[in-house]
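Undergrad: Let me begin by handing over the structure; questions about it come next.
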Amino acid sequence: MRPRDIQRIGEELAIQWEDGSESYVRLEKLRRHCPCAGCKGEVDIMGNLYKNPDRPLPAAAFQLVRIESVGGYAVKPIWADGHTSGLFSFDYLKRVVESPDL
Ligand SMILES: [Zn+2]
């Protein structure tokens, strides 16, 4: 499933998928699931993420500057703290969106 449109609305990202359904995900949740090597913790085979709890993030880490699409298979959020290395494939994005809130 691919997103047709992604917009930031307040503290959330609103994603419209190609089938017309819509998802909302809090920016904080998105950032905490950043899949880049610097952020991600251990991921088990079910895709559950176990994060290092003693890694406090500044408030700016949860502020989205913009979100870029990458190569037609992923999106890359640009965060206000300068973090840009998290590449969310569409599949991974959908999994984050549908995962229970932290
Ligand atoms: Zn990251």
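A note on labels: chains of the structure tokens are A, B, ... as shown, every chain counts residues from 1, and ligands are counted from 1 in their shown order.
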Counting only C-alpha atoms and all ligand atoms, what residues are within 7 Å of ligand 1, given as a list in words?
TA: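 My answer, listing the contacting residues, is Cys34, Pro35, Cys36, Ala37, Gly38, Cys39, Lys40, His83, Ser85 and Gly86 of chain A.
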Undergrad: Give me, as an mmCIF file with C-alpha atoms, in the first residue's frame, the residues of region 21-95 of chain A that a backbone DSSP run labels helix (DSSP H, G or I).
TA:
data_model
loop_
_atom_site.group_PDB
_atom_site.id
_atom_site.type_symbol
_atom_site.label_atom_id
_atom_site.label_comp_id
_atom_site.auth_asym_id
_atom_site.auth_seq_id
_atom_site.Cartn_x
_atom_site.Cartn_y
_atom_site.Cartn_z
ATOM 1 C CA LEU A 27 4.798 12.822 15.203
ATOM 2 C CA GLU A 28 6.345 11.704 18.461
ATOM 3 C CA LYS A 29 5.431 8.125 17.703
ATOM 4 C CA LEU A 30 6.875 8.426 14.237
ATOM 5 C CA ARG A 31 10.146 9.797 15.538
ATOM 6 C CA ARG A 32 10.390 7.191 18.248
ATOM 7 C CA ALA A 59 11.394 18.660 21.974
ATOM 8 C CA ALA A 60 12.646 19.625 18.521
ATOM 9 C CA ALA A 61 13.095 15.938 17.775
ATOM 10 C CA PHE A 62 9.334 15.611 17.532
ATOM 11 C CA PHE A 90 5.776 2.581 2.911
ATOM 12 C CA ASP A 91 5.418 -0.856 4.475
ATOM 13 C CA TYR A 92 7.264 0.212 7.584
ATOM 14 C CA LEU A 93 5.304 3.438 7.785
ATOM 15 C CA LYS A 94 2.063 1.519 7.703
ATOM 16 C CA ARG A 95 3.318 -0.817 10.405
#
Undergrad: Restricting the calculation to only C-alpha atoms, which member of A:Ser89, A:Ser99, A:Gln7, A:Gln16 is positioned closest to Ile67 (chain A)?
TA: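 Residue with the minimum atom-to-atom distance to Ile67 (chain A): A:Gln7.
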Undergrad: Counting only C-alpha atoms, which of A:Pro58, A:Val65, A:Val97, A:Tyr73 gets nearest to Ile15 (chain A)?
TA: A:Val97
Undergrad: With a distance cut-off of 6 Å and only C-alpha atoms, select the neighbouring residues of Glu18 (chain A), excluding the residue or stretch itself and same-chain residues fewer than 2 positions from it, and output the selection as an MDAnalysis selection string.
TA: chainID A and resid 2:4 20
Undergrad: Keeping only N, CA and C atoms, take the residues you just selected and write them out as a compact mmCIF listing (two decimals), in the first residue's frame.
TA:
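Listing of result32.txt after writing:
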# COMPACT_ATOMS: atom_id res chain seq x y z
N ARG A 2 0.52 2.18 -0.86
CA ARG A 2 1.31 3.40 -0.94
C ARG A 2 0.48 4.58 -0.49
N PRO A 3 1.13 5.55 0.12
CA PRO A 3 0.40 6.75 0.49
C PRO A 3 0.14 7.63 -0.73
N ARG A 4 -1.05 8.14 -0.81
CA ARG A 4 -1.39 9.05 -1.91
C ARG A 4 -1.06 10.49 -1.51
N GLY A 20 -7.74 4.97 -0.45
CA GLY A 20 -8.67 5.97 0.04
C GLY A 20 -8.80 6.00 1.56
Undergrad: Among chain A, which ones does DSSP place in strand (DSSP E), written as a ChimeraX atom specification?
TA: /A:3-9,12-17,22-26,42-43,49-50,64-70,74-79,88-89
Undergrad: Nearest to Trp17 (chain A) among A:Val96, A:Asp81, A:Asp5, A:Ser69, with distances taken over only C-alpha atoms: which residue is it?
TA: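 Among the listed residues, A:Asp5 lies closest to Trp17 (chain A).
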Undergrad: If we count only C-alpha atoms and set the cut-off at 10 Å, which residues sit around Gly10 (chain A), ignoring sequence neighbours fewer than 5 positions away in its own chain? Please answer as a count of residues only.
TA: 4
Undergrad: Go through A:Leu87, A:His33, A:Met1, A:Ile6 one by one, measure the shortest atom-to-atom distance of each to Asp19 (chain A) using only C-alpha atoms, and give the residue with the smallest value.
TA: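 Nearest to Asp19 (chain A): A:Met1.
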Undergrad: Record the distance separating CA of Glu22 (chain A) and CA of Ile45 (chain A), expressed in Å with one decimal.
TA: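 Those two atoms sit 27.2 Å apart.
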Undergrad: Would you work out the distance separating CA of Pro100 (chain A) from CA of Gly82 (chain A), expressed in Å to one decimal?
TA: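 Computed distance, CA of Pro100 (chain A) to CA of Gly82 (chain A), equals 26.8 Å.
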Undergrad: What does the distance between CA of Ala80 (chain A) and CA of Val25 (chain A) come to in Å, to one decimal place?
TA: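 The value is 17.5 Å.
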